[in-house]
Each structure stands twice: as C-alpha cells, then as structure tokens.
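Here's the structure, in structure tokens; my notes come after.
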Amino acid sequence: MSKRRYGLVISRSDIGINYYALDGDRIQVGRGSRNELDLPIDSVSGRHCEIKRNSAGHFAIRDLGSTNGTRLNGHEVSEAFAELHPGDEILLGGVTPVRFIELIGIGEALRIKEEPRPDTAPISPDSVNPVAASVTRAMRSLPGSDDAR
C-alpha cells in the first residue's frame, strides 16, 4: 500500500490557482524565498506558518507568530499544532484561502479527493479549476479506471 499524498490548493485572483504537493515532512509558509512555500502576498508574514507531518503520517499546522494570523476552518491557529484533514480550509493573513487536500495520482494527472467535513462547505474540482475537472472526468472514463462504469 502506498503512502497517502497531500497538498494545498491556493486560489487568488492576483496569483491564480496554485497546487503545492506536500512531499516533505515539514514546510514553512511565508513571504520570501527562505520559505519552502513562498507566497508573495502583503498580508502573509515573512515566516507565517509551518505545516509538519507527524510520525503517524498526518499533517498539522501552527502559526509562527504571524502579524495577520492563521485560521483553520474559521478558528484561530496558535503556536500549538492543529491537525489537518482533507477538505480543511486554511486562511492566511485574513485574505488568502488555502485548501488542504488528499492527492490521488493517475500518471502525471492529479485528482482531488474531498472528504466532506461537517464544519466546512465542500468544494468540487469544478469550482477549483475547470481544466483539472475536465481532465478528471476524462480520466474517470478511461477503461481500467476505478471510476469507469
């Protein structure tokens, strides 16, 4: 059985839709090249937050004392780690929405696996990226796909 893969979807009109695979055990998010994930957005601090994989393979997030804060599903994140689950919404600096997702690879194409959460509104691949949604639908229709019917 392969290790589950997770990632982030960042969607803003000024930077577009960006996907970031969480392949390492730790990433620092902030504004500037010294971060593994550099977000050139004024409301994001230089060292904004950290996302880390624990020994069980689950990811968690903590704020690094950012100026404008980090929220997880509407709740303030402190310097203590808060566990992440697929579908969680992270808000950086009050204005940058980030979605934590599980990635399911099919060759070079990636699909988003959403697990409904009672405290957040679900998103669909169509609302995140229409091109990715078209690729997903096409991949599902291929013979041998688990979703082909």
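Letters for chains follow the order of the structure tokens (A, B, ...), residue numbers begin at 1 for each chain, and ligand numbers begin at 1 in the order shown.
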Original post:
Counting only C-alpha atoms, what is within 12 Å of Tyr6 of chain A, bar same-chain residues fewer than 3 positions away, as a ChimeraX atom specification?
Top reply: /A:3,9,19-25,51-53,57-60,84-88,99-105,110-114
**OP:** Choose the residue, out of A:Thr70, A:Ser33, A:Ser11, A:Glu89, that has the smallest atom-to-atom separation from Cys49 of chain A; count only C-alpha atoms.
**Re:**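 Among the listed residues, the smallest separation from Cys49 of chain A belongs to A:Thr70.
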Original post:
Between A:Asp63, A:Glu50, A:Glu83, A:Asp14, which is the closest to Arg26 of chain A once you count only C-alpha atoms?
Top reply: A:Glu50
Original post:
Using only C-alpha atoms, which of A:Ile10, A:Ile90, A:Ile61, A:Val98 sits nearest Ile27 of chain A?
Top reply: A:Ile61
Give me the segment 77-110 of chain A side of the contact with segment 38-42 of chain A, cut-off 10 Å, one line per residue showing its nearest atom pair and distance in Å at one decimal, counting only C-alpha atoms, sorted by chain and residue number, as a Markdown table.
```
| residue | atom | partner | partner_atom | distance |
| --- | --- | --- | --- | --- |
| A:Leu92 | CA | A:Ile41 | CA | 9.8 |
| A:Gly93 | CA | A:Asp42 | CA | 8.6 |
| A:Val95 | CA | A:Ile41 | CA | 9.4 |
| A:Thr96 | CA | A:Ile41 | CA | 8.3 |
```
**OP:** For Arg47 of chain A, work out the shell of residues within 7 Å, counting only C-alpha atoms and skipping chain neighbours fewer than 6 positions away, then give it as a PyMOL selection string.
**Re:** chain A and resi 29-31+64+66
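Between atom CA of Gln28 of chain A and atom CA of His48 of chain A the interatomic distance comes to 7.6 Å.
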